[in-house]
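Data first, discussion second: the structure below is written as structure tokens.
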Amino acid sequence: MSNIHTSTEDPVHVDEGGHQVVLHPTDNDLFVRTGRQVIEACQLSIGIHVWLEELKEMLAFVERWCVQREAQIAGCVAEGRGSKVLILFIPRGDTFNFDLASELAVLNRQLVTTFNIGYVELGQIPSSDLHRFVDPEKARNIYGQSNATYGAVAAQPNPFVGHSDIPS
Amino acid sequence: MEQWRHNRILLSVIPTSHPDWIITVTFYTALHAVDALLEFDGVQRVHSHESRNNVLNRTRRYEKIWDHYQPLYDLSRRIRYLASPRDWIRADDIPGKVFSRFLFPIENSAHGLMGLEHTAPSIALHH
């Protein structure tokens with residue numbers, strides 16, 4: 001059983017089966033809320049600590065996937081929304097990329113069968129419309145130059161790739 | 001199956017000046033072909049896009065359908081909210097890249113898995 005204590009300023013302390021995990025609300029609180037909803041809605045039978053580890057690994061996997069397709073992908077952001085994780089890709093060029101779309105279908109299957117993360121939705125959108133689909137205060141930049149690429153949308157760095165307070 | 005036919009007929013009526021709505025109706029045409037298959041297979045509790053996507057994405061029998069359905073779902077999900085949908089998808093690309101690449105394979109797979117002969121007429125867009 002996990003206990004999560006939150007306030008608007010303080011770090012989040014997750015007590016998960018004896019493991020103490022400290023998460024900073026500004027980086028992680030939305031994903032903590034999403035994780036709890038996903039665990040309940042999808043009956044995943046895992047705790048929030050394990051779910052966050054799965055999320056971290058999944059987003060690192062997605063980042064590597066983007067790097068391998070840098071000729072097609074300009075940027076990628078993720079957002080926890082209700083009981084799902086939404087990952088949006090910005091293709092290079094101004095039009096829907098049909099080849100990338102087919103690759104995303106395969107990636108989507110890979111993600112849900114590899115990571116115990118619940119419902120994950122993938123999509124692609126033009127850079128100029130990113131603000132219509134994600135909250136700039138909550139979206140996490142997974143790949144690409146967020147400020148330069150997304151204009152007014154100040155997507156935050158991916159807190160799960162490269163560093164984390166979640167013990168591995 | 002009636003809903004599938006009903007939506008499919010509409011595709012030829014929507015003007016190409018509105019590719020966002022052609023895409024939306026294309027998606028719902030595919031969705032009704034999929035729902036007919038799920039009903040045929042006795043799949044229950046598919047009452048939302050999420051539950052339907054979960055079944056398609058996690059079931060080997062539906063793997064081919066998912067590979068074509070997911071791009072169409074994504075496209076229809078976003079295009080209605082874009083500032084310039086006609087820039088995102090050109091009307092000229094719809095027959096070759098949306099119908100042929102996504103819709104027809106979904107219909108073929110769904111009908112094939114139900115043991116039906118696929119006899120849908122071609123779709124001529126309204127210019």
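Residues are referred to by chain and number: the chain letter is A, B, ... according to the order shown in the structure tokens, the number counts from 1 in that chain, and ligands are numbered separately from 1 in the order shown.
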(request) Specify as a ChimeraX atom specification all residues of chain A found within 8 Å of chain B, counting only C-alpha atoms. (result) /A:94-96,98,101-102,104-106,108-109,112-113,119,122-126,129,132
Selection export as an mmCIF file, in the first residue's frame, atoms kept: C-alpha atoms:
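Output contents, as saved in selection.cif:
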data_model
loop_
_atom_site.group_PDB
_atom_site.id
_atom_site.type_symbol
_atom_site.label_atom_id
_atom_site.label_comp_id
_atom_site.auth_asym_id
_atom_site.auth_seq_id
_atom_site.Cartn_x
_atom_site.Cartn_y
_atom_site.Cartn_z
ATOM 1 C CA ASP A 94 4.039 20.604 -42.267
ATOM 2 C CA THR A 95 1.959 17.632 -43.308
ATOM 3 C CA PHE A 96 0.819 14.367 -41.737
ATOM 4 C CA PHE A 98 1.966 8.556 -43.385
ATOM 5 C CA ALA A 101 1.915 7.022 -38.711
ATOM 6 C CA SER A 102 2.387 3.368 -39.616
ATOM 7 C CA LEU A 104 3.628 4.732 -34.512
ATOM 8 C CA ALA A 105 1.011 1.969 -34.660
ATOM 9 C CA VAL A 106 3.769 -0.611 -34.242
ATOM 10 C CA ASN A 108 2.124 1.726 -29.664
ATOM 11 C CA ARG A 109 1.802 -2.062 -29.570
ATOM 12 C CA VAL A 112 1.755 -1.559 -24.161
ATOM 13 C CA THR A 113 3.211 -5.043 -24.380
ATOM 14 C CA TYR A 119 -3.407 2.961 -21.710
ATOM 15 C CA LEU A 122 0.255 8.098 -29.543
ATOM 16 C CA GLY A 123 -0.312 10.672 -32.224
ATOM 17 C CA GLN A 124 1.304 13.232 -34.469
ATOM 18 C CA ILE A 125 0.501 16.884 -34.782
ATOM 19 C CA PRO A 126 1.970 19.926 -36.527
ATOM 20 C CA ASP A 129 -0.840 23.341 -33.146
ATOM 21 C CA ARG A 132 -4.115 22.942 -28.795
#
(request) Would you kindly return, as a ChimeraX atom specification, each protein, DNA or RNA residue with an atom no farther than 9 Å from any atom of region 110-114 of chain B, considering only C-alpha atoms and excluding same-chain residues fewer than 4 positions away? (result) /B:33-34,36-38,40-41,61-62,65,105-106,118
Can you spit out the residues from that selection as a JSON list (two decimals), in the first residue's frame, using C-alpha atoms?
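Saved the output as part_0.json:
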[["chain", "number", "residue", "atom", "x", "y", "z"],
["B", 33, "ALA", "CA", -16.46, -2.38, -39.70],
["B", 34, "VAL", "CA", -14.35, -3.14, -36.61],
["B", 36, "ALA", "CA", -19.13, -5.62, -36.57],
["B", 37, "LEU", "CA", -16.12, -7.91, -36.26],
["B", 38, "LEU", "CA", -15.91, -7.53, -32.48],
["B", 40, "PHE", "CA", -19.10, -11.34, -34.49],
["B", 41, "ASP", "CA", -16.25, -12.48, -32.20],
["B", 61, "ARG", "CA", -6.03, -11.70, -34.14],
["B", 62, "TYR", "CA", -6.51, -7.97, -34.68],
["B", 65, "ILE", "CA", -6.37, -4.17, -38.23],
["B", 105, "PRO", "CA", -7.22, -2.84, -45.41],
["B", 106, "ILE", "CA", -9.33, -2.50, -42.24],
["B", 118, "HIS", "CA", -15.65, -7.90, -49.22]]
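Picture a line from CA of Arg80 (chain B) to CA of Ser122 (chain B); it runs 24.8 Å.
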(request) Could you please determine the separation between CA of Arg92 (chain A) and CA of His131 (chain A) in Å, to one decimal place? (result) 17.2 Å
(message) Considering only C-alpha atoms, can you say which of A:Gly93, A:Gly82, A:Pro136, A:Gly118 comes closest to Cys42 (chain A)?
(response) A:Gly118
(request) Check the DSSP output for the backbone and give back, as a PyMOL selection string, the residues of region 21-67 of chain B in alpha helix (DSSP H). (result) chain B and resi 21-40+49-58+63-67
Export of prior selection with N, CA and C atoms as a CSV table (one decimal), in the first residue's frame:
chain,number,residue,atom,x,y,z
B,21,TRP,N,-13.5,16.6,-42.3
B,21,TRP,CA,-14.7,15.8,-42.1
B,21,TRP,C,-14.7,14.5,-42.9
B,22,ILE,N,-14.0,14.5,-44.0
B,22,ILE,CA,-13.9,13.3,-44.8
B,22,ILE,C,-13.1,12.3,-43.9
B,23,ILE,N,-12.0,12.8,-43.3
B,23,ILE,CA,-11.2,11.9,-42.4
B,23,ILE,C,-12.1,11.4,-41.2
B,24,THR,N,-12.9,12.2,-40.7
B,24,THR,CA,-13.7,11.8,-39.5
B,24,THR,C,-14.7,10.7,-39.9
B,25,VAL,N,-15.3,10.9,-41.0
B,25,VAL,CA,-16.3,9.9,-41.5
B,25,VAL,C,-15.6,8.6,-41.9
B,26,THR,N,-14.4,8.8,-42.5
B,26,THR,CA,-13.6,7.6,-42.9
B,26,THR,C,-13.3,6.8,-41.6
B,27,PHE,N,-12.9,7.5,-40.6
B,27,PHE,CA,-12.6,6.8,-39.3
B,27,PHE,C,-13.8,6.1,-38.8
B,28,TYR,N,-15.0,6.7,-38.8
B,28,TYR,CA,-16.2,6.1,-38.3
B,28,TYR,C,-16.7,4.9,-39.2
B,29,THR,N,-16.4,5.0,-40.5
B,29,THR,CA,-16.7,3.9,-41.4
B,29,THR,C,-15.8,2.7,-40.9
B,30,ALA,N,-14.5,3.0,-40.7
B,30,ALA,CA,-13.7,1.9,-40.2
B,30,ALA,C,-14.1,1.3,-38.9
B,31,LEU,N,-14.5,2.3,-38.0
B,31,LEU,CA,-14.9,1.8,-36.6
B,31,LEU,C,-16.1,0.9,-36.7
B,32,HIS,N,-17.0,1.2,-37.6
B,32,HIS,CA,-18.2,0.3,-37.6
B,32,HIS,C,-17.9,-1.1,-38.3
B,33,ALA,N,-16.9,-1.1,-39.2
B,33,ALA,CA,-16.5,-2.4,-39.7
B,33,ALA,C,-15.8,-3.2,-38.6
B,34,VAL,N,-15.0,-2.5,-37.7
B,34,VAL,CA,-14.4,-3.1,-36.6
B,34,VAL,C,-15.4,-3.6,-35.6
B,35,ASP,N,-16.3,-2.8,-35.3
B,35,ASP,CA,-17.4,-3.2,-34.3
B,35,ASP,C,-18.2,-4.4,-34.7
B,36,ALA,N,-18.4,-4.4,-36.0
B,36,ALA,CA,-19.1,-5.6,-36.6
B,36,ALA,C,-18.3,-6.9,-36.3
B,37,LEU,N,-17.0,-6.8,-36.5
B,37,LEU,CA,-16.1,-7.9,-36.3
B,37,LEU,C,-16.1,-8.3,-34.8
B,38,LEU,N,-16.0,-7.3,-33.9
B,38,LEU,CA,-15.9,-7.5,-32.5
B,38,LEU,C,-17.2,-8.2,-32.0
B,39,GLU,N,-18.3,-7.7,-32.6
B,39,GLU,CA,-19.6,-8.3,-32.2
B,39,GLU,C,-19.6,-9.8,-32.7
B,40,PHE,N,-19.2,-10.0,-33.9
B,40,PHE,CA,-19.1,-11.3,-34.5
B,40,PHE,C,-18.3,-12.3,-33.6
B,49,HIS,N,-13.6,4.5,-27.1
B,49,HIS,CA,-12.4,4.4,-28.0
B,49,HIS,C,-11.3,3.7,-27.3
B,50,GLU,N,-11.1,4.0,-26.0
B,50,GLU,CA,-10.0,3.4,-25.2
B,50,GLU,C,-10.2,1.9,-25.1
B,51,SER,N,-11.4,1.5,-24.8
B,51,SER,CA,-11.6,0.0,-24.6
B,51,SER,C,-11.4,-0.7,-26.0
B,52,ARG,N,-11.9,-0.1,-27.0
B,52,ARG,CA,-11.8,-0.7,-28.4
B,52,ARG,C,-10.3,-0.7,-28.8
B,53,ASN,N,-9.6,0.4,-28.5
B,53,ASN,CA,-8.2,0.4,-28.9
B,53,ASN,C,-7.4,-0.6,-28.1
B,54,ASN,N,-7.7,-0.8,-26.8
B,54,ASN,CA,-7.0,-1.8,-26.0
B,54,ASN,C,-7.2,-3.2,-26.6
B,55,VAL,N,-8.4,-3.5,-27.0
B,55,VAL,CA,-8.7,-4.8,-27.5
B,55,VAL,C,-7.9,-5.0,-28.8
B,56,LEU,N,-7.9,-4.0,-29.7
B,56,LEU,CA,-7.3,-4.1,-31.0
B,56,LEU,C,-5.8,-4.2,-30.8
B,57,ASN,N,-5.2,-3.4,-29.9
B,57,ASN,CA,-3.8,-3.3,-29.7
B,57,ASN,C,-3.2,-4.5,-29.0
B,58,ARG,N,-4.0,-5.2,-28.2
B,58,ARG,CA,-3.4,-6.3,-27.4
B,58,ARG,C,-3.8,-7.7,-27.9
B,63,GLU,N,-4.1,-7.8,-35.0
B,63,GLU,CA,-2.9,-7.0,-35.2
B,63,GLU,C,-2.9,-6.2,-36.6
B,64,LYS,N,-3.3,-6.9,-37.6
B,64,LYS,CA,-3.3,-6.2,-38.9
B,64,LYS,C,-4.2,-5.0,-38.9
B,65,ILE,N,-5.4,-5.2,-38.3
B,65,ILE,CA,-6.4,-4.2,-38.2
B,65,ILE,C,-5.8,-3.0,-37.4
B,66,TRP,N,-5.2,-3.3,-36.3
B,66,TRP,CA,-4.6,-2.2,-35.5
B,66,TRP,C,-3.6,-1.4,-36.2
B,67,ASP,N,-2.8,-2.0,-37.0
B,67,ASP,CA,-1.7,-1.3,-37.8
B,67,ASP,C,-2.3,-0.3,-38.7
(request) Can you check which residues of region 20-78 of chain A DSSP gives as strand (DSSP E) on the backbone and send them as a PyMOL selection string? (result) chain A and resi 20-23+73-78
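Candidate residues A:Ile117, A:Glu70, A:Phe61, A:Leu88 were compared for distance to Gln43 (chain A), and the nearest is A:Ile117, using only C-alpha atoms.
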